[in-house]
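Below is target_37.txt, holding compact mmCIF, C-alpha atoms and all ligand atoms.
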# COMPACT_ATOMS: atom_id res chain seq x y z
CA MET B 41 106.52 109.75 71.71
CA PHE B 42 104.07 112.36 70.43
CA SER B 43 105.84 115.11 68.39
CA ILE B 44 109.03 113.11 67.76
CA ASN B 45 107.78 111.89 64.38
CA LYS B 46 105.47 114.69 63.25
CA LYS B 47 104.52 113.03 59.96
CA ALA B 48 103.43 109.81 61.68
CA ASP B 49 101.49 111.84 64.30
CA ALA B 50 99.68 113.85 61.61
CA TYR B 51 98.74 110.69 59.70
CA ARG B 52 97.46 108.98 62.84
CA PHE B 53 95.53 112.06 63.89
CA CYS B 54 93.75 112.43 60.52
CA LYS B 55 92.79 108.76 60.37
CA ALA B 56 91.58 108.63 63.98
CA PHE B 57 89.72 111.96 63.68
CA ILE B 58 87.74 110.75 60.67
CA THR B 59 86.83 107.43 62.30
CA ASN B 60 85.86 109.33 65.47
CA GLN B 61 83.32 111.31 63.42
CA TYR B 62 82.04 108.05 61.99
CA ALA B 63 81.63 106.67 65.55
CA ARG B 64 79.86 109.88 66.61
CA ILE B 65 77.36 109.88 63.75
CA ALA B 66 76.73 106.12 63.60
CA PRO B 67 77.88 104.39 66.82
CA GLY B 68 76.00 101.15 66.04
CA SER B 69 77.48 100.86 62.58
CA TYR B 70 80.96 101.71 63.97
CA CYS B 71 80.71 98.89 66.56
CA ARG B 72 79.66 96.42 63.86
CA TYR B 73 82.44 97.64 61.54
CA THR B 74 85.12 97.20 64.22
CA ASN B 75 83.56 93.91 65.34
CA GLU B 76 83.59 95.14 68.93
CA THR B 77 83.05 92.46 71.58
CA GLY B 78 84.17 94.61 74.49
CA ARG B 79 86.70 91.98 75.56
CA GLY B 80 89.30 93.04 73.02
CA MET B 81 90.79 89.57 72.63
CA GLY B 82 91.74 87.90 69.37
CA GLN B 83 90.75 84.37 68.43
CA GLU B 84 89.20 82.56 71.37
CA THR B 85 87.04 79.48 71.82
CA ALA B 86 83.58 79.52 73.36
CA GLU B 87 84.95 77.60 76.37
CA GLU B 88 87.78 80.12 76.91
CA THR B 89 85.30 82.99 76.77
CA ALA B 90 82.98 81.18 79.19
CA ASN B 91 85.93 80.67 81.55
CA TYR B 92 86.71 84.41 81.33
CA PHE B 93 83.18 85.27 82.49
CA ASP B 94 83.44 82.65 85.23
CA LEU B 95 86.70 84.26 86.40
CA CYS B 96 85.09 87.74 86.39
CA PHE B 97 82.16 86.40 88.42
CA SER B 98 84.41 84.58 90.92
CA GLU B 99 86.60 87.66 91.36
CA TYR B 100 83.58 89.86 92.12
CA ILE B 101 82.26 87.36 94.64
CA GLY B 102 85.76 87.02 96.12
CA MET B 103 85.76 90.77 96.85
CA LEU B 104 82.56 90.55 98.91
CA ASN B 105 82.49 89.96 102.66
CA ALA B 106 80.71 86.93 104.08
CA ASP B 107 77.66 89.05 104.97
CA GLU B 108 77.41 90.60 101.49
CA LYS B 109 75.39 87.93 99.71
CA ILE B 110 74.06 88.28 96.20
CA ASP B 111 71.09 86.01 96.98
CA ASP B 112 67.87 87.74 96.08
CA GLY B 113 69.85 90.93 95.37
CA VAL B 114 69.18 93.36 92.57
CA ILE B 115 72.41 94.01 90.67
CA LEU B 116 73.66 96.58 88.18
CA GLU B 117 76.56 95.76 85.89
CA TYR B 118 78.06 98.52 83.74
CA GLY B 119 79.50 97.65 80.33
CA PRO B 120 78.88 93.91 79.95
CA GLY B 121 80.41 93.80 76.44
CA ASP B 122 78.66 91.67 73.81
CA ILE B 123 77.64 88.77 76.11
CA PRO B 124 75.96 89.23 79.51
CA GLY B 125 77.97 86.28 80.85
CA VAL B 126 78.53 87.75 84.31
CA ALA B 127 74.84 88.67 84.58
CA LEU B 128 73.90 85.09 83.69
CA LEU B 129 76.19 83.71 86.41
CA LEU B 130 74.95 86.24 88.97
CA TYR B 131 71.37 85.21 88.25
CA ALA B 132 72.28 81.50 88.27
CA TRP B 133 73.79 81.87 91.74
CA GLY B 134 70.80 83.60 93.25
CA ALA B 135 70.51 87.25 92.17
CA LYS B 136 66.91 88.39 91.81
CA LYS B 137 67.50 90.58 88.76
CA VAL B 138 70.50 91.95 86.89
CA TYR B 139 70.51 95.21 84.93
CA CYS B 140 73.27 95.58 82.34
CA VAL B 141 73.85 99.21 81.40
CA ASP B 142 75.98 100.32 78.48
CA ARG B 143 76.67 103.23 76.19
CA PHE B 144 77.01 100.99 73.14
CA SER B 145 74.54 98.36 72.08
CA LEU B 146 76.91 95.41 71.86
CA ILE B 147 74.93 92.42 73.13
CA SER B 148 73.99 90.05 70.35
CA ILE B 149 73.24 86.35 70.32
CA SER B 150 75.32 85.43 67.31
CA ARG B 151 76.18 81.81 66.69
CA PHE B 152 79.46 82.14 68.61
CA ASN B 153 77.88 84.06 71.49
CA GLY B 154 75.17 81.38 71.71
CA GLU B 155 77.94 78.78 72.04
CA VAL B 156 79.58 80.85 74.80
CA ILE B 157 76.29 80.97 76.70
CA GLU B 158 75.92 77.19 76.31
CA ALA B 159 79.49 76.81 77.60
CA ILE B 160 78.64 78.98 80.61
CA LEU B 161 75.58 76.81 81.32
CA ASN B 162 77.83 73.73 81.11
CA LEU B 163 80.04 75.13 83.88
CA LEU B 164 77.13 75.22 86.30
CA PRO B 165 75.88 72.59 88.75
CA LEU B 166 72.33 71.35 87.98
CA ALA B 167 70.37 73.70 90.28
CA GLN B 168 72.21 76.80 89.03
CA ARG B 169 71.94 75.65 85.42
CA GLN B 170 68.19 75.32 85.81
CA ARG B 171 67.99 78.78 87.28
CA ALA B 172 70.16 80.25 84.48
CA SER B 173 67.89 78.56 81.92
CA GLU B 174 65.04 80.78 83.17
CA CYS B 175 66.95 83.84 81.88
CA PHE B 176 65.86 83.24 78.30
CA ASN B 177 62.51 84.02 76.73
CA ASP B 178 62.18 80.30 75.99
CA TYR B 179 63.49 78.20 78.88
CA GLY B 180 67.09 77.04 78.19
CA LYS B 181 67.19 78.57 74.68
CA PRO B 182 69.74 81.41 74.44
CA HIS B 183 68.70 82.29 70.87
CA SER B 184 65.20 83.21 72.11
CA GLY B 185 66.83 86.25 73.81
CA PHE B 186 67.07 87.36 77.44
CA ASN B 187 63.94 87.56 79.56
CA GLU B 188 63.83 91.15 80.83
CA ASN B 189 62.35 90.06 84.14
CA HIS B 190 65.72 88.50 84.95
CA ILE B 191 68.40 90.21 82.84
CA GLN B 192 67.58 93.62 81.44
CA TYR B 193 69.84 95.43 78.98
CA VAL B 194 69.73 99.23 79.13
CA VAL B 195 71.59 101.27 76.48
CA ASN B 196 71.77 105.04 76.40
CA LYS B 197 74.12 107.73 75.14
CA LYS B 198 75.83 108.28 78.50
CA GLY B 199 75.92 104.65 79.64
CA LEU B 200 74.18 105.61 82.91
CA SER B 201 71.36 103.79 84.71
CA GLY B 202 69.47 106.81 86.09
CA PHE B 203 68.37 104.50 88.97
CA LYS B 204 67.61 105.73 92.48
CA ASP B 205 68.04 103.47 95.57
CA LYS B 206 67.29 100.45 93.43
CA VAL B 207 70.18 97.97 93.53
CA ASP B 208 72.12 96.06 96.19
CA PHE B 209 75.34 95.66 94.20
CA VAL B 210 77.10 97.41 91.32
CA PHE B 211 79.88 95.67 89.39
CA SER B 212 82.08 96.74 86.51
CA ARG B 213 85.24 95.46 84.91
CA ALA B 214 87.28 97.22 82.25
CA VAL B 215 84.57 99.87 81.89
CA LEU B 216 85.39 102.97 83.95
CA GLU B 217 88.53 103.67 81.93
CA HIS B 218 86.24 104.01 78.89
CA VAL B 219 83.51 106.28 80.23
CA ASN B 220 83.49 109.92 79.09
CA ASP B 221 82.66 111.32 82.52
CA ILE B 222 83.91 109.24 85.47
CA SER B 223 82.25 111.55 88.03
CA ALA B 224 78.88 111.07 86.34
CA THR B 225 79.27 107.27 86.42
CA ILE B 226 80.38 107.25 90.08
CA ASP B 227 77.41 109.51 90.94
CA ASP B 228 75.12 107.17 89.00
CA MET B 229 76.50 104.24 91.03
CA GLY B 230 75.91 106.08 94.29
CA ASN B 231 72.36 107.00 93.27
CA ALA B 232 71.54 103.50 92.03
CA LEU B 233 72.72 101.74 95.21
CA LYS B 234 70.40 101.22 98.16
CA GLN B 235 71.74 102.29 101.54
CA GLY B 236 74.45 99.82 102.59
CA GLY B 237 74.80 98.61 98.99
CA VAL B 238 78.25 97.78 97.69
CA THR B 239 80.14 98.39 94.45
CA VAL B 240 83.17 96.45 93.20
CA ASN B 241 85.07 97.58 90.11
CA LYS B 242 88.19 96.64 88.21
CA VAL B 243 89.80 99.41 86.18
CA ASP B 244 92.36 98.76 83.43
CA LEU B 245 94.59 101.81 82.96
CA LYS B 246 96.70 100.35 80.16
CA SER B 247 96.71 101.77 76.62
CA HIS B 248 94.46 99.08 75.04
CA GLY B 249 96.97 98.84 72.20
CA LEU B 250 97.15 102.59 71.60
CA HIS B 251 100.82 103.09 72.51
CA ARG B 252 103.96 103.03 70.38
CA GLY B 253 107.04 101.67 72.13
CA ASN B 254 106.85 102.79 75.75
CA ILE B 255 103.61 101.43 77.28
CA LEU B 256 102.78 104.90 78.70
CA GLU B 257 103.44 106.68 75.39
CA PHE B 258 99.70 107.20 74.87
CA LEU B 259 99.83 109.71 77.77
CA THR B 260 102.03 112.03 75.67
CA TRP B 261 99.20 113.06 73.31
CA PRO B 262 97.66 116.43 74.32
CA ALA B 263 94.14 116.06 75.75
CA LEU B 264 92.48 118.05 72.97
CA LEU B 265 93.96 115.91 70.19
CA TRP B 266 93.21 112.70 72.08
CA ASN B 267 89.57 113.70 72.46
CA LEU B 268 89.28 114.66 68.82
CA MET B 269 90.65 111.24 67.87
CA TYR B 270 88.87 108.99 70.35
CA SER B 271 86.05 110.62 72.35
CA GLU B 272 83.24 108.74 70.58
CA LYS B 273 84.82 105.32 70.27
CA GLY B 274 84.86 104.14 73.87
CA THR B 275 88.68 104.09 73.86
CA PRO B 276 90.45 104.80 77.18
CA ASN B 277 89.84 108.21 78.72
CA ARG B 278 93.46 107.98 80.07
CA TRP B 279 92.62 109.22 83.57
CA ARG B 280 95.07 107.86 86.14
CA LEU B 281 94.66 106.52 89.66
CA ASP B 282 94.86 110.00 91.25
CA GLU B 283 91.72 111.14 89.39
CA TYR B 284 89.71 108.10 90.55
CA LYS B 285 90.86 108.72 94.14
CA ARG B 286 89.87 112.39 93.87
CA ILE B 287 86.43 111.63 92.45
CA LEU B 288 85.73 108.85 94.96
CA ASN B 289 86.77 111.10 97.85
CA HIS B 290 84.29 113.72 96.66
CA SER B 291 81.50 111.21 96.08
CA HIS B 292 78.82 110.02 98.50
CA LEU B 293 80.42 106.57 98.56
CA LYS B 294 82.61 105.30 101.37
CA VAL B 295 85.75 103.75 99.90
CA MET B 296 86.46 100.35 101.46
CA PHE B 297 89.67 99.72 99.51
CA ILE B 298 91.65 100.66 96.42
CA LYS B 299 94.12 97.94 95.41
CA CYS B 300 96.59 98.44 92.61
CA VAL B 301 97.20 95.02 91.02
CA GLU B 302 99.47 95.81 88.05
CA THR B 303 102.30 98.33 87.92
CA CYS B 304 105.05 99.41 85.55
CA SER B 305 108.70 100.00 86.39
CA LYS B 306 110.33 103.35 87.18
CA ASP B 307 112.43 103.06 83.97
CA ILE B 308 109.25 103.24 81.88
CA ILE B 309 108.07 106.32 83.78
CA ASP B 310 111.47 108.04 83.59
CA GLU B 311 111.62 107.53 79.83
CA VAL B 312 108.15 108.96 79.17
CA ARG B 313 108.02 111.72 81.80
CA PRO B 314 109.65 114.55 79.75
CA PHE B 315 107.06 114.02 76.99
CA LEU B 316 103.91 113.67 79.11
CA SER B 317 100.86 115.72 78.19
CA LYS B 318 100.20 118.67 80.53
CA GLN B 319 97.43 116.90 82.42
CA PHE B 320 99.80 114.10 83.55
CA LYS B 321 103.03 116.03 84.14
CA GLN B 322 102.47 116.64 87.85
CA LEU B 323 101.62 113.04 88.72
CA SER B 324 103.75 111.13 91.20
CA ASP B 325 105.66 108.04 90.06
CA GLU B 326 103.33 106.00 92.24
CA ASP B 327 100.17 107.22 90.51
CA LEU B 328 101.74 106.84 87.08
CA SER B 329 102.97 103.32 87.81
CA CYS B 330 99.50 101.89 88.46
CA LEU B 331 98.27 99.97 85.40
CA SER B 332 95.17 98.36 86.87
CA PHE B 333 93.34 98.44 90.17
CA TRP B 334 90.30 97.25 92.07
CA PHE B 335 88.14 99.39 94.24
CA LYS B 336 85.29 98.59 96.53
CA ALA B 337 82.96 101.18 98.03
CA GLN B 338 79.73 101.29 99.98
CA LYS B 339 76.77 103.64 100.08
CA PRO B 340 76.67 104.66 103.75
C1 LIG G 401 86.47 96.58 77.50
S1 LIG G 401 84.73 96.35 77.53
C2 LIG G 401 84.54 95.38 78.96
C3 LIG G 401 83.44 94.36 78.81
C4 LIG G 401 83.24 93.42 80.00
N1 LIG G 401 83.01 94.14 81.22
C5 LIG G 401 84.42 92.50 80.13
O1 LIG G 401 85.13 92.54 81.15
O2 LIG G 401 84.64 91.70 79.20
C6 LIG G 401 84.14 97.93 77.89
C7 LIG G 401 82.63 98.05 78.06
O3 LIG G 401 82.37 99.40 78.43
C8 LIG G 401 81.42 99.94 77.55
N2 LIG G 401 81.70 101.37 77.32
C9 LIG G 401 82.60 101.88 76.47
N3 LIG G 401 82.58 103.21 76.50
C10 LIG G 401 81.66 103.57 77.38
C11 LIG G 401 81.18 104.83 77.83
N4 LIG G 401 81.69 105.96 77.36
N5 LIG G 401 80.22 104.82 78.76
C12 LIG G 401 79.73 103.67 79.24
N6 LIG G 401 80.15 102.44 78.83
C13 LIG G 401 81.10 102.40 77.92
C14 LIG G 401 81.58 99.17 76.26
O4 LIG G 401 80.44 99.26 75.45
C15 LIG G 401 81.84 97.78 76.79
O5 LIG G 401 80.65 97.10 77.10

Translate this structure into structure tokens?
Ligand SMILES: C[S@@+](CC[C@H](N)C(=O)[O-])C[C@H]1O[C@@H](n2cnc3c(N)ncnc32)[C@H](O)[C@@H]1O
Amino acid sequence: MFSINKKADAYRFCKAFITNQYARIAPGSYCRYTNETGRGMGQETAEETANYFDLCFSEYIGMLNADEKIDDGVILEYGPGDIPGVALLLYAWGAKKVYCVDRFSLISISRFNGEVIEAILNLLPLAQRQRASECFNDYGKPHSGFNENHIQYVVNKKGLSGFKDKVDFVFSRAVLEHVNDISATIDDMGNALKQGGVTVNKVDLKSHGLHRGNILEFLTWPALLWNLMYSEKGTPNRWRLDEYKRILNHSHLKVMFIKCVETCSKDIIDEVRPFLSKQFKQLSDEDLSCLSFWFKAQKP
């Protein structure tokens, strides 16, 4: 826990503070240096990565009602990572156009990423494969880059679209826990959606490898120190379920559901509770136990 081993805390703080300044001054170089894919996995094959995108796509579609069809829809995806695999599948299955919005410029068609895109194309039936092939500047050639008429990548400092009544669907997965200002992103979603439009999001509240021992230990660092160490790197903002509920309730979106899909045990909470940073001390066991959740909302 923070403050139990002061020497280790001081060392970690200094190292993370310096790299945070590096990320602030040169975010592009920092992403290249850390080899950031956005998926945070280790060694993986092109087929495994393609299957991951296929799973993400299927889970989004599985969250939609029968009358919420992506066909001919304009879609916004926040934080695609380094491969717009979900966007490619959305377009293949009928979307009119997909915008991918990010704070960091991660998309690149490296050799491996080109293989992943080929593997995604191989998962598709003929008609959808033909449609996906239109997404590239040269038909069927991923290395020619993405055709902006079909998949458009937008990168800016806040990771916001700035759209107004423009899209039918908004999707994100493992993104909201990274954004610096959740309210601003939820407002951006609400502005970007057309009336009746729907947003589906998966949020991962785990530490992303930033805990020692207890999986909630990363919540023991005071907010100021955490921000000084991580604010520019896209590491988790640490907000818990209660904050998302509060922001959604104050937004213009109508929440259709919030489903917690991963939880931790009471033992883990009891062990960490005496050490929690001020901002988390008052949270209920239920809010603290949620480690990942889905939410769906609609613009009324
Ligand atoms: C963990 S990755 C998830 C990538 C992809 N959605 C997936 O499931 O594989 C997080 C994504 O959020 C983006 N991101 C990180 N920090 C952000 C911020 N502060 N604002 C907006 N997007 C951010 C990253 O650049 C990256 O694309």

Given only C-alpha atoms and all ligand atoms as the basis, pick out the residue of B:Gly180, B:Pro340, B:Gly134, B:Gly68 nearest to ligand LIG 401 (chain G). B:Gly68

Return as a PyMOL selection string the residues of protein, DNA or RNA that approach ligand LIG 401 (chain G) to within 9 Å, with only C-alpha atoms and all ligand atoms taken into account. chain B and resi 71+76-80+92-93+96+117-126+141-147+195-200+211-222+225+242+244+248+271-277

Could you write out the selected residues, including C-alpha atoms, as a JSON list (two decimals), in the frame of the given file?
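Saved as selection_17.json:
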[["chain", "number", "residue", "atom", "x", "y", "z"],
["B", 71, "CYS", "CA", 80.71, 98.89, 66.56],
["B", 76, "GLU", "CA", 83.59, 95.14, 68.93],
["B", 77, "THR", "CA", 83.05, 92.46, 71.58],
["B", 78, "GLY", "CA", 84.17, 94.61, 74.49],
["B", 79, "ARG", "CA", 86.70, 91.98, 75.56],
["B", 80, "GLY", "CA", 89.30, 93.04, 73.02],
["B", 92, "TYR", "CA", 86.71, 84.41, 81.33],
["B", 93, "PHE", "CA", 83.18, 85.27, 82.49],
["B", 96, "CYS", "CA", 85.09, 87.74, 86.39],
["B", 117, "GLU", "CA", 76.56, 95.76, 85.89],
["B", 118, "TYR", "CA", 78.06, 98.52, 83.74],
["B", 119, "GLY", "CA", 79.50, 97.65, 80.33],
["B", 120, "PRO", "CA", 78.88, 93.91, 79.95],
["B", 121, "GLY", "CA", 80.41, 93.80, 76.44],
["B", 122, "ASP", "CA", 78.66, 91.67, 73.81],
["B", 123, "ILE", "CA", 77.64, 88.77, 76.11],
["B", 124, "PRO", "CA", 75.96, 89.23, 79.51],
["B", 125, "GLY", "CA", 77.97, 86.28, 80.85],
["B", 126, "VAL", "CA", 78.53, 87.75, 84.31],
["B", 141, "VAL", "CA", 73.85, 99.21, 81.40],
["B", 142, "ASP", "CA", 75.98, 100.32, 78.48],
["B", 143, "ARG", "CA", 76.67, 103.23, 76.19],
["B", 144, "PHE", "CA", 77.01, 100.99, 73.14],
["B", 145, "SER", "CA", 74.54, 98.36, 72.08],
["B", 146, "LEU", "CA", 76.91, 95.41, 71.86],
["B", 147, "ILE", "CA", 74.93, 92.42, 73.13],
["B", 195, "VAL", "CA", 71.59, 101.27, 76.48],
["B", 196, "ASN", "CA", 71.77, 105.04, 76.40],
["B", 197, "LYS", "CA", 74.12, 107.73, 75.14],
["B", 198, "LYS", "CA", 75.83, 108.28, 78.50],
["B", 199, "GLY", "CA", 75.92, 104.65, 79.64],
["B", 200, "LEU", "CA", 74.18, 105.61, 82.91],
["B", 211, "PHE", "CA", 79.88, 95.67, 89.39],
["B", 212, "SER", "CA", 82.08, 96.74, 86.51],
["B", 213, "ARG", "CA", 85.24, 95.46, 84.91],
["B", 214, "ALA", "CA", 87.28, 97.22, 82.25],
["B", 215, "VAL", "CA", 84.57, 99.87, 81.89],
["B", 216, "LEU", "CA", 85.39, 102.97, 83.95],
["B", 217, "GLU", "CA", 88.53, 103.67, 81.93],
["B", 218, "HIS", "CA", 86.24, 104.01, 78.89],
["B", 219, "VAL", "CA", 83.51, 106.28, 80.23],
["B", 220, "ASN", "CA", 83.49, 109.92, 79.09],
["B", 221, "ASP", "CA", 82.66, 111.32, 82.52],
["B", 222, "ILE", "CA", 83.91, 109.24, 85.47],
["B", 225, "THR", "CA", 79.27, 107.27, 86.42],
["B", 242, "LYS", "CA", 88.19, 96.64, 88.21],
["B", 244, "ASP", "CA", 92.36, 98.76, 83.43],
["B", 248, "HIS", "CA", 94.46, 99.08, 75.04],
["B", 271, "SER", "CA", 86.05, 110.62, 72.35],
["B", 272, "GLU", "CA", 83.24, 108.74, 70.58],
["B", 273, "LYS", "CA", 84.82, 105.32, 70.27],
["B", 274, "GLY", "CA", 84.86, 104.14, 73.87],
["B", 275, "THR", "CA", 88.68, 104.09, 73.86],
["B", 276, "PRO", "CA", 90.45, 104.80, 77.18],
["B", 277, "ASN", "CA", 89.84, 108.21, 78.72]]

Set the distance at 9 Å and use all atoms listed in the file: which residues neighbour range 175-179 of chain B once local chain neighbours fewer than 3 positions away are removed? I'd like the list as a PyMOL selection string. chain B and resi 128+131-132+170-172+182-191

Counting only C-alpha atoms, the residue among B:Arg286, B:Arg280, B:Lys294, B:Lys204 that lies closest to Asp325 in chain B is B:Arg280

Just checking: using all atoms listed in the file, which residue out of B:Arg252, B:His290, B:Arg313, B:Arg72 ends up closest to Ala48 in chain B? B:Arg252

Put a box with edges along x, y and z around all the listed atoms of range 282-290 of chain B, pad it by 5 Å on each side, then give me its centre and sizes in Å, one decimal, as lines of an AutoDock Vina configuration file.
center_x = 89.6
center_y = 110.9
center_z = 93.6
size_x = 20.6
size_y = 15.6
size_z = 18.5

Which neighbours of range 319-323 of chain B fall inside 10 Å, counting all atoms listed in the file, when residues of the same chain fewer than 6 positions from it are skipped, and could you give them as a PyMOL selection string? chain B and resi 259-260+262-263+278-282+313+329

From the set B:Glu87, B:Glu311, B:Lys234, B:Tyr270, which residue has the shortest atom-to-atom contact distance to Ala159 in chain B, counting only C-alpha atoms? B:Glu87

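Taking CA of Ile115 in chain B and CA of Glu158 in chain B as endpoints, the distance between them is 22.4 Å.
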
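Straight-line separation from CA of Arg52 in chain B to CA of Lys246 in chain B: 19.4 Å.
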
Between B:Ile308, B:Val295, B:Met41, B:Ala167, which one has atoms that come closest to Ala337 in chain B, using all atoms listed in the file? B:Val295

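For the atom pair formed by CA of Leu264 in chain B and CA of Leu245 in chain B, the distance is 19.2 Å, given to one decimal.
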